[in-house]
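Engineer: Data: query.cif, mmCIF, C-alpha atoms.
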data_target
loop_
_atom_site.label_atom_id
_atom_site.label_comp_id
_atom_site.auth_asym_id
_atom_site.auth_seq_id
_atom_site.Cartn_x
_atom_site.Cartn_y
_atom_site.Cartn_z
CA MET A 1 -1.92 204.66 20.57
CA ASP A 2 -3.25 206.42 23.64
CA ALA A 3 -6.59 208.06 24.40
CA ASP A 4 -5.54 211.52 23.20
CA LYS A 5 -4.26 210.22 19.90
CA ALA A 6 -7.40 208.12 19.36
CA ILE A 7 -9.66 211.09 20.09
CA GLY A 8 -7.51 213.22 17.80
CA ILE A 9 -8.10 210.81 14.92
CA ALA A 10 -11.83 210.86 15.69
CA ALA A 11 -11.81 214.68 15.73
CA ASP A 12 -10.28 214.78 12.25
CA ILE A 13 -13.36 212.94 11.01
CA ASP A 14 -16.13 214.28 13.27
CA THR A 15 -15.56 216.86 16.03
CA ASP A 16 -18.96 216.40 17.67
CA LEU A 17 -18.51 212.65 17.88
CA ALA A 18 -14.95 213.03 19.18
CA GLU A 19 -16.21 215.18 22.06
CA ARG A 20 -18.75 212.52 22.98
CA LEU A 21 -16.12 209.78 22.87
CA ARG A 22 -13.80 211.84 25.08
CA PHE A 23 -16.66 212.20 27.59
CA VAL A 24 -17.22 208.43 27.51
CA LEU A 25 -13.55 207.89 28.39
CA GLU A 26 -13.55 210.64 31.02
CA ILE A 27 -16.44 209.20 33.02
CA ASP A 28 -14.61 205.86 33.25
CA ARG A 29 -12.92 207.51 36.25
CA LEU A 30 -16.14 207.20 38.29
CA LYS A 31 -15.25 203.50 38.63
CA SER A 32 -12.30 204.51 40.80
CA VAL A 33 -14.30 206.65 43.24
CA LEU A 34 -14.85 204.53 46.35
CA ARG A 35 -17.84 204.84 48.66
CA GLN A 36 -18.05 203.94 52.34
CA THR A 37 -20.56 201.18 51.62
CA MET A 38 -19.29 197.63 51.26
CA LEU A 39 -20.69 195.17 48.71
CA ALA A 40 -23.40 192.86 50.04
CA ASP A 41 -20.81 190.07 50.51
CA GLY A 42 -18.51 192.40 52.45
CA SER A 43 -15.61 191.76 50.05
CA ARG A 44 -14.73 195.36 49.24
CA GLN A 45 -15.98 198.96 49.09
CA GLU A 46 -18.48 199.83 46.41
CA ASN A 47 -17.50 202.32 43.72
CA SER A 48 -19.76 205.10 42.44
CA ALA A 49 -20.13 203.73 38.89
CA GLU A 50 -21.46 200.31 39.93
CA HIS A 51 -23.52 202.06 42.63
CA SER A 52 -25.16 204.17 39.90
CA TRP A 53 -26.01 201.03 37.92
CA HIS A 54 -27.45 199.43 41.06
CA LEU A 55 -29.62 202.48 41.73
CA ALA A 56 -30.97 202.52 38.18
CA MET A 57 -31.92 198.85 38.57
CA THR A 58 -33.45 199.58 41.99
CA ALA A 59 -35.58 202.30 40.40
CA LEU A 60 -36.79 199.93 37.67
CA VAL A 61 -37.94 197.29 40.13
CA LEU A 62 -39.38 199.65 42.76
CA ALA A 63 -41.24 201.89 40.32
CA PRO A 64 -44.61 200.35 41.27
CA PHE A 65 -44.04 201.65 44.81
CA ALA A 66 -43.34 205.27 43.85
CA ASP A 67 -45.57 207.64 45.82
CA GLU A 68 -46.32 209.79 42.77
CA PRO A 69 -46.47 208.88 39.08
CA VAL A 70 -42.93 209.22 37.68
CA ASP A 71 -41.33 209.39 34.24
CA LEU A 72 -39.08 206.36 34.71
CA GLU A 73 -36.81 207.28 31.79
CA ARG A 74 -36.06 210.56 33.56
CA VAL A 75 -35.50 208.82 36.91
CA VAL A 76 -32.98 206.47 35.33
CA LYS A 77 -31.17 209.31 33.58
CA ILE A 78 -30.98 211.21 36.88
CA LEU A 79 -29.54 208.18 38.65
CA LEU A 80 -27.01 207.41 35.91
CA VAL A 81 -25.52 210.93 36.18
CA HIS A 82 -26.17 211.78 39.83
CA ASP A 83 -22.68 210.90 41.09
CA ILE A 84 -20.57 211.88 38.06
CA VAL A 85 -19.34 215.05 39.79
CA GLU A 86 -17.51 212.79 42.26
CA ILE A 87 -14.87 212.28 39.55
CA ASP A 88 -13.57 215.71 40.60
CA ALA A 89 -15.17 216.27 44.01
CA GLY A 90 -14.90 212.77 45.52
CA ASP A 91 -17.49 210.85 47.48
CA VAL A 92 -18.38 212.31 50.86
CA PHE A 93 -19.79 210.02 53.56
CA ILE A 94 -23.43 211.02 53.94
CA TYR A 95 -23.23 211.01 57.74
CA ASP A 96 -20.43 213.64 57.62
CA THR A 97 -22.70 216.70 57.31
CA GLU A 98 -19.87 219.26 57.61
CA ALA A 99 -17.89 217.72 54.76
CA ARG A 100 -21.05 217.47 52.66
CA ALA A 101 -21.66 221.24 52.94
CA ALA A 102 -18.02 222.01 52.15
CA VAL A 103 -18.06 219.96 48.97
CA ALA A 104 -21.10 221.65 47.39
CA GLU A 105 -19.08 224.27 45.51
CA ALA A 106 -16.58 221.72 44.22
CA GLU A 107 -19.51 219.68 42.91
CA GLN A 108 -20.89 222.64 40.98
CA GLU A 109 -17.49 223.23 39.39
CA ALA A 110 -17.22 219.53 38.57
CA ALA A 111 -20.64 219.61 36.91
CA ASP A 112 -19.54 222.64 34.84
CA ARG A 113 -16.39 220.90 33.71
CA ILE A 114 -17.64 217.37 33.09
CA PHE A 115 -21.03 218.02 31.49
CA GLY A 116 -19.37 220.94 29.68
CA MET A 117 -17.24 218.44 27.75
CA LEU A 118 -20.32 217.45 25.73
CA PRO A 119 -21.70 219.24 22.66
CA GLU A 120 -24.94 221.14 23.19
CA PRO A 121 -27.76 220.49 23.82
CA GLN A 122 -26.46 217.17 25.19
CA GLY A 123 -24.33 218.77 27.90
CA SER A 124 -27.18 220.92 29.21
CA ASP A 125 -29.55 217.98 29.08
CA LEU A 126 -27.42 215.79 31.36
CA ARG A 127 -26.55 218.77 33.54
CA SER A 128 -30.25 219.49 34.02
CA ALA A 129 -30.76 215.91 35.21
CA TRP A 130 -27.99 216.44 37.80
CA ASP A 131 -29.44 219.82 38.85
CA GLU A 132 -32.88 218.24 39.14
CA TYR A 133 -31.52 215.57 41.46
CA GLU A 134 -29.78 218.11 43.66
CA ALA A 135 -32.99 220.17 44.01
CA ARG A 136 -35.14 217.17 45.10
CA GLU A 137 -38.30 218.93 43.96
CA THR A 138 -39.77 216.85 41.14
CA PRO A 139 -41.42 213.46 41.72
CA GLU A 140 -38.58 211.94 39.65
CA ALA A 141 -35.84 213.50 41.80
CA LYS A 142 -37.60 212.48 45.01
CA PHE A 143 -38.03 208.90 43.85
CA ALA A 144 -34.38 208.81 42.70
CA TYR A 145 -33.27 210.14 46.10
CA SER A 146 -35.31 207.47 47.88
CA CYS A 147 -33.52 204.79 45.85
CA ASP A 148 -30.17 206.38 46.72
CA ARG A 149 -31.00 206.13 50.42
CA LEU A 150 -32.42 202.61 50.24
CA GLN A 151 -29.63 200.85 48.34
CA PRO A 152 -26.78 201.47 50.83
CA LEU A 153 -29.16 200.65 53.67
CA MET A 154 -29.79 197.25 52.05
CA LEU A 155 -26.06 196.65 51.60
CA ASN A 156 -25.33 197.63 55.19
CA LEU A 157 -28.07 195.33 56.45
CA ALA A 158 -26.71 192.47 54.32
CA ILE A 159 -23.43 192.48 56.21
CA GLY A 160 -24.88 193.12 59.63
CA GLY A 161 -24.15 196.82 59.99
CA GLY A 162 -21.29 197.55 57.60
CA SER A 163 -20.24 201.17 57.35
CA TRP A 164 -22.57 202.12 60.22
CA ASN A 165 -20.71 200.03 62.76
CA ARG A 166 -17.31 200.91 61.28
CA HIS A 167 -18.07 204.61 61.75
CA GLY A 168 -19.98 204.36 65.05
CA ILE A 169 -23.29 205.45 63.48
CA THR A 170 -26.30 204.91 65.75
CA ALA A 171 -29.92 204.04 64.93
CA ASP A 172 -31.19 207.61 65.31
CA GLN A 173 -28.64 208.82 62.71
CA VAL A 174 -29.48 205.99 60.35
CA LYS A 175 -33.18 206.75 60.64
CA LYS A 176 -32.67 210.48 60.16
CA ILE A 177 -30.65 210.04 56.96
CA ASN A 178 -32.54 207.08 55.56
CA GLY A 179 -35.91 208.53 56.47
CA GLY A 180 -35.26 210.19 53.09
CA ILE A 181 -36.55 206.94 51.62
CA ALA A 182 -40.00 208.26 52.58
CA LEU A 183 -39.53 211.22 50.24
CA GLY A 184 -40.70 209.12 47.30
CA LEU A 185 -41.19 205.58 48.62
CA THR A 186 -43.36 205.77 51.74
CA ARG A 187 -44.23 202.07 51.77
CA VAL A 188 -40.59 201.06 51.35
CA TRP A 189 -39.57 203.27 54.27
CA GLU A 190 -42.25 201.62 56.43
CA VAL A 191 -40.57 198.29 55.73
CA ALA A 192 -37.01 199.64 56.13
CA ASP A 193 -37.96 201.26 59.42
CA ALA A 194 -39.23 197.95 60.77
CA ILE A 195 -35.99 196.25 59.71
CA LEU A 196 -33.95 198.96 61.47
CA ASP A 197 -35.95 198.47 64.67
CA ALA A 198 -35.25 194.74 64.46
CA SER A 199 -31.56 195.52 63.88
CA VAL A 200 -31.41 197.48 67.10
CA ALA A 201 -33.27 194.68 68.88
CA ASP A 202 -30.82 192.00 67.70
CA GLY A 203 -27.77 194.16 68.44
CA SER A 204 -26.56 194.65 64.86
CA LEU A 205 -27.28 198.41 64.95
CA ALA A 206 -26.31 200.59 67.91
CA PRO A 207 -29.26 202.20 69.75
CA PRO A 208 -29.44 206.00 70.07
CA PRO A 209 -27.06 207.30 72.75
CA SER A 210 -28.99 207.55 76.04
CA MET B 1 -29.18 191.01 61.15
CA ASP B 2 -28.33 189.43 57.82
CA ALA B 3 -29.95 189.69 54.40
CA ASP B 4 -32.29 186.71 54.90
CA LYS B 5 -33.57 188.03 58.20
CA ALA B 6 -34.07 191.53 56.77
CA ILE B 7 -35.99 190.17 53.77
CA GLY B 8 -38.03 187.99 56.14
CA ILE B 9 -39.12 191.05 58.10
CA ALA B 10 -40.01 192.79 54.83
CA ALA B 11 -42.02 189.74 53.70
CA ASP B 12 -44.09 189.83 56.90
CA ILE B 13 -45.23 193.32 55.85
CA ASP B 14 -45.32 193.09 52.04
CA THR B 15 -44.41 189.93 50.08
CA ASP B 16 -44.25 191.63 46.71
CA LEU B 17 -41.89 194.30 48.00
CA ALA B 18 -39.77 191.73 49.79
CA GLU B 19 -39.23 189.85 46.52
CA ARG B 20 -38.09 193.04 44.84
CA LEU B 21 -35.70 193.84 47.67
CA ARG B 22 -34.23 190.33 47.49
CA PHE B 23 -33.66 190.85 43.76
CA VAL B 24 -31.92 194.18 44.47
CA LEU B 25 -29.56 192.39 46.86
CA GLU B 26 -29.04 189.44 44.50
CA ILE B 27 -27.88 191.54 41.57
CA ASP B 28 -25.22 193.14 43.77
CA ARG B 29 -23.19 190.06 42.79
CA LEU B 30 -22.74 191.43 39.26
CA LYS B 31 -20.16 193.80 40.80
CA SER B 32 -17.93 190.80 41.44
CA VAL B 33 -18.01 189.46 37.86
CA LEU B 34 -14.76 190.54 36.23
CA ARG B 35 -14.34 191.22 32.52
CA GLN B 36 -11.17 190.97 30.44
CA THR B 37 -11.21 194.71 29.77
CA MET B 38 -9.09 196.95 31.98
CA LEU B 39 -10.23 200.39 33.17
CA ALA B 40 -9.05 203.29 30.99
CA ASP B 41 -6.21 203.98 33.47
CA GLY B 42 -5.09 200.34 33.37
CA SER B 43 -5.44 200.01 37.15
CA ARG B 44 -7.64 196.90 37.26
CA GLN B 45 -10.16 194.75 35.37
CA GLU B 46 -13.60 196.18 34.82
CA ASN B 47 -16.59 194.47 36.43
CA SER B 48 -19.90 193.83 34.69
CA ALA B 49 -21.97 196.15 36.90
CA GLU B 50 -19.88 199.27 36.29
CA HIS B 51 -19.59 198.20 32.63
CA SER B 52 -23.40 198.21 32.41
CA TRP B 53 -23.52 201.72 33.84
CA HIS B 54 -20.87 202.86 31.38
CA LEU B 55 -22.84 201.40 28.46
CA ALA B 56 -26.05 203.12 29.54
CA MET B 57 -24.15 206.43 29.65
CA THR B 58 -22.58 205.68 26.26
CA ALA B 59 -26.04 205.10 24.82
CA LEU B 60 -27.30 208.44 26.21
CA VAL B 61 -24.48 210.44 24.65
CA LEU B 62 -24.31 208.57 21.32
CA ALA B 63 -28.08 208.48 20.72
CA PRO B 64 -27.85 211.24 18.08
CA PHE B 65 -25.64 208.88 16.02
CA ALA B 66 -28.02 205.90 16.07
CA ASP B 67 -28.68 204.65 12.53
CA GLU B 68 -32.41 204.21 13.17
CA PRO B 69 -34.75 206.09 15.51
CA VAL B 70 -34.62 204.33 18.90
CA ASP B 71 -36.68 204.34 22.08
CA LEU B 72 -33.85 205.41 24.37
CA GLU B 73 -35.66 204.32 27.54
CA ARG B 74 -35.78 200.79 26.11
CA VAL B 75 -32.12 200.90 25.05
CA VAL B 76 -31.08 201.88 28.56
CA LYS B 77 -33.23 199.17 30.13
CA ILE B 78 -31.67 196.59 27.78
CA LEU B 79 -28.16 197.73 28.68
CA LEU B 80 -28.84 197.77 32.42
CA VAL B 81 -29.94 194.12 32.38
CA HIS B 82 -27.91 192.72 29.47
CA ASP B 83 -25.14 191.18 31.61
CA ILE B 84 -27.13 190.16 34.70
CA VAL B 85 -27.05 186.47 33.69
CA GLU B 86 -23.27 186.57 34.26
CA ILE B 87 -24.02 186.37 37.99
CA ASP B 88 -24.56 182.65 37.35
CA ALA B 89 -22.91 182.06 33.97
CA GLY B 90 -19.81 184.25 34.29
CA ASP B 91 -18.31 186.59 31.75
CA VAL B 92 -16.89 184.93 28.65
CA PHE B 93 -14.17 186.72 26.65
CA ILE B 94 -15.83 187.75 23.40
CA TYR B 95 -12.89 186.54 21.29
CA ASP B 96 -13.32 183.01 22.70
CA THR B 97 -16.07 181.86 20.29
CA GLU B 98 -16.12 178.23 21.52
CA ALA B 99 -16.66 179.24 25.12
CA ARG B 100 -19.33 181.73 24.07
CA ALA B 101 -21.38 178.98 22.36
CA ALA B 102 -20.98 176.66 25.34
CA VAL B 103 -22.28 179.23 27.80
CA ALA B 104 -25.54 179.98 25.96
CA GLU B 105 -27.58 177.36 27.83
CA ALA B 106 -26.22 178.43 31.20
CA GLU B 107 -27.23 182.00 30.38
CA GLN B 108 -30.81 180.94 29.62
CA GLU B 109 -31.01 179.12 32.95
CA ALA B 110 -29.55 182.15 34.70
CA ALA B 111 -32.17 184.39 33.11
CA ASP B 112 -34.91 182.01 34.27
CA ARG B 113 -33.60 182.02 37.81
CA ILE B 114 -32.67 185.68 38.27
CA PHE B 115 -35.53 187.46 36.48
CA GLY B 116 -37.81 184.77 37.95
CA MET B 117 -37.10 186.17 41.42
CA LEU B 118 -39.29 189.18 40.60
CA PRO B 119 -43.08 189.39 40.85
CA GLU B 120 -44.95 189.47 37.55
CA PRO B 121 -45.20 191.31 35.25
CA GLN B 122 -41.90 192.85 36.38
CA GLY B 123 -39.89 189.65 35.91
CA SER B 124 -41.17 189.08 32.37
CA ASP B 125 -40.61 192.72 31.50
CA LEU B 126 -36.91 192.65 32.40
CA ARG B 127 -36.52 189.19 30.90
CA SER B 128 -37.97 190.46 27.62
CA ALA B 129 -35.36 193.24 27.58
CA TRP B 130 -32.63 190.59 27.96
CA ASP B 131 -34.21 188.37 25.26
CA GLU B 132 -34.47 191.38 22.97
CA TYR B 133 -30.77 192.09 23.39
CA GLU B 134 -29.81 188.51 22.66
CA ALA B 135 -31.89 188.48 19.44
CA ARG B 136 -30.29 191.70 18.05
CA GLU B 137 -33.31 192.32 15.86
CA THR B 138 -34.89 195.58 17.01
CA PRO B 139 -33.27 198.98 16.41
CA GLU B 140 -32.93 199.27 20.19
CA ALA B 141 -31.08 195.95 20.54
CA LYS B 142 -28.79 196.77 17.61
CA PHE B 143 -27.93 200.17 19.01
CA ALA B 144 -27.33 198.63 22.45
CA TYR B 145 -25.06 196.00 20.90
CA SER B 146 -23.08 198.70 19.09
CA CYS B 147 -22.49 200.47 22.41
CA ASP B 148 -21.39 197.15 23.95
CA ARG B 149 -18.78 196.72 21.21
CA LEU B 150 -17.60 200.33 21.28
CA GLN B 151 -17.00 200.78 25.00
CA PRO B 152 -14.35 198.03 25.49
CA LEU B 153 -12.69 199.14 22.25
CA MET B 154 -12.35 202.65 23.71
CA LEU B 155 -10.93 201.25 26.97
CA ASN B 156 -8.46 199.05 25.10
CA LEU B 157 -7.34 201.98 22.96
CA ALA B 158 -6.90 204.14 26.07
CA ILE B 159 -4.22 201.82 27.42
CA GLY B 160 -2.56 201.09 24.10
CA GLY B 161 -3.98 197.66 23.36
CA GLY B 162 -5.06 196.27 26.71
CA SER B 163 -6.77 192.89 26.61
CA TRP B 164 -6.01 192.54 22.88
CA ASN B 165 -2.28 192.46 23.37
CA ARG B 166 -2.56 190.38 26.54
CA HIS B 167 -4.46 187.70 24.64
CA GLY B 168 -2.59 187.97 21.30
CA ILE B 169 -5.63 189.31 19.45
CA THR B 170 -4.82 190.71 15.98
CA ALA B 171 -6.36 193.58 14.01
CA ASP B 172 -8.49 191.32 11.80
CA GLN B 173 -10.08 189.73 14.89
CA VAL B 174 -10.66 193.13 16.49
CA LYS B 175 -12.28 194.42 13.33
CA LYS B 176 -14.46 191.32 12.92
CA ILE B 177 -15.85 191.53 16.46
CA ASN B 178 -16.04 195.29 16.72
CA GLY B 179 -17.43 195.69 13.24
CA GLY B 180 -20.60 195.00 15.23
CA ILE B 181 -20.47 198.69 16.09
CA ALA B 182 -21.77 199.22 12.55
CA LEU B 183 -24.94 197.29 13.41
CA GLY B 184 -26.48 200.44 14.89
CA LEU B 185 -23.78 203.13 14.77
CA THR B 186 -22.37 203.24 11.24
CA ARG B 187 -20.72 206.64 11.64
CA VAL B 188 -19.09 205.61 14.91
CA TRP B 189 -17.69 202.45 13.30
CA GLU B 190 -16.21 204.57 10.50
CA VAL B 191 -14.30 206.53 13.14
CA ALA B 192 -13.35 203.44 15.17
CA ASP B 193 -12.12 201.70 12.03
CA ALA B 194 -9.81 204.62 11.25
CA ILE B 195 -8.46 204.52 14.81
CA LEU B 196 -7.79 200.78 14.51
CA ASP B 197 -5.90 201.30 11.25
CA ALA B 198 -3.79 203.96 12.97
CA SER B 199 -3.23 201.54 15.88
CA VAL B 200 -1.79 198.94 13.51
CA ALA B 201 0.31 201.65 11.86
CA ASP B 202 1.82 202.80 15.17
CA GLY B 203 2.40 199.26 16.41
CA SER B 204 -0.08 199.26 19.29
CA LEU B 205 -2.31 196.63 17.62
CA ALA B 206 -0.88 193.52 15.96
CA PRO B 207 -1.51 193.27 12.18
CA PRO B 208 -3.36 190.25 10.75
CA PRO B 209 -1.14 187.15 10.57
CA SER B 210 0.43 187.07 7.10
#
Show me, as structure tokens, the structure contained in the file I just sent.
Structural biologist:
Amino acid sequence: MDADKAIGIAADIDTDLAERLRFVLEIDRLKSVLRQTMLADGSRQENSAEHSWHLAMTALVLAPFADEPVDLERVVKILLVHDIVEIDAGDVFIYDTEARAAVAEAEQEAADRIFGMLPEPQGSDLRSAWDEYEARETPEAKFAYSCDRLQPLMLNLAIGGGSWNRHGITADQVKKINGGIALGLTRVWEVADAILDASVADGSLAPPPS
Amino acid sequence: MDADKAIGIAADIDTDLAERLRFVLEIDRLKSVLRQTMLADGSRQENSAEHSWHLAMTALVLAPFADEPVDLERVVKILLVHDIVEIDAGDVFIYDTEARAAVAEAEQEAADRIFGMLPEPQGSDLRSAWDEYEARETPEAKFAYSCDRLQPLMLNLAIGGGSWNRHGITADQVKKINGGIALGLTRVWEVADAILDASVADGSLAPPPS
């Protein structure tokens, strides 16, 4: 038995269900997409599937700090799917702005392919959550984005710099990118900003180049 | 800068927020809890954090097949937190029934400690989602449980037996445990059951001992 044969048996009984099961197997690949961020104990790089779980949990516990009222079910759905395109397009380090621009088209194609595996209206529903995240316009997308900026910042802080120091990222860059936390979580950014200042003061984050 | 210092700075500004941030860092440890199930490509064991993400996604795409109407937001919350106690209590192979009984008390203590890190009513809210899952009484908990049985079955099928063959698990045991899929997803169990029969027929799953 392999995946194709199993899905084939499912399809003989219920085509719609078989398509959903194939999607479930396909997205397993997100567990093999590695990010630049290390786990909080520094043991290894984080992958995009566990990252997505961590963001959904972050959203649940930080919801009381959201700047605007948010539909938390929508926020969680957005966060669960927000990185799925990386199965095809890969994870691009957020501080590499050139690579990020170059990957945009590949991400659109990935969204077409992966969400397109699902029967309608399910495929369009999850795709719309991904599109919503990319547009950063709704309170839900802004809050989700803030969580996506905060979580790696916390992990980097936990190991005294992490991917920042490894890649020679300085405080001004960190603040520019992670200032995005203020998009939906102003109070949380206030706190994060103070921690970043203290990180520069204690030498664990490089100051802006003079 | 380390995690304690960063949380200390946060606590000087906002105690409630600092407690939430400490919780976010604490649950990062779920990424290091390994399960018996291998990824669909057989490359490594799955961890409980990425497993939780995968279950939440499974719930989103299989919701139309739920036997009873479910509050999907609640189902997803249940699935996001359902394994968090493993940070303290570890993951126990589901086919090891003795070990599963022995770990129950440790899991309760873990729930007290981990959800207890959060300010109220947040801590009680997430704890109630975990309690609800353990009780398997509500439509949401049953549906969540069905997803939790289905996903490893799919991964095992994808690599032609996986943890079943490694541990000498036979078809009757697989059907007994995974029959739990029928708790909330009768139609899906019908399909899975047919796939398991075909797996015995093609030799990728051991038949019941005669």
Engineer: Counting only C-alpha atoms, which residues have an atom no more than 12 Å from (-12.9, 211.0, 8.5) in the file's coordinates? Please list them as a ChimeraX atom specification.
Structural biologist: /A:8-15,17-18 /B:187-195
Engineer: For the structure provided, state which residues fall under the PyMOL selection byres ((chain B) within 6 of (chain A)), and present them as a list in words.
Structural biologist: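 Listing what the PyMOL selection byres ((chain B) within 6 of (chain A)) selects in the shown file: Met1, Asp2, Ala3, Ala6, Ala10, Ala49, Glu50, Trp53, Glu73, Ala158, Gly160, Val191, Ile195, Ser199 and Ser204 of chain B.
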Engineer: Smallest atom-to-atom distance to A:Ala111: which of A:Ser146, A:Ser128, A:Thr97, A:Thr37, using only C-alpha atoms?
Structural biologist: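 So, comparing all the options, the nearest one is A:Ser128.
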Engineer: So which residues touch A:Val70 within 8 Å, counting only C-alpha atoms, skipping near sequence neighbours fewer than 4 positions away, as a list of chain:residue names?
Structural biologist: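 What passes the distance filter is A:Ala63, A:Ala66, A:Val75, A:Pro139, A:Glu140, A:Phe143.
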Engineer: For atom CA of A:Phe115 and atom CA of A:Val92, determine how far apart the two atoms are, in Å to one decimal place.
Structural biologist: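 Pair atom CA of A:Phe115 / atom CA of A:Val92 returns 20.4 Å.
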Engineer: In Å, with one decimal, what is the gap from atom CA of B:Pro121 to atom CA of B:Pro69?
Structural biologist: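 Taking atom CA of B:Pro121 and atom CA of B:Pro69, their separation equals 26.8 Å.
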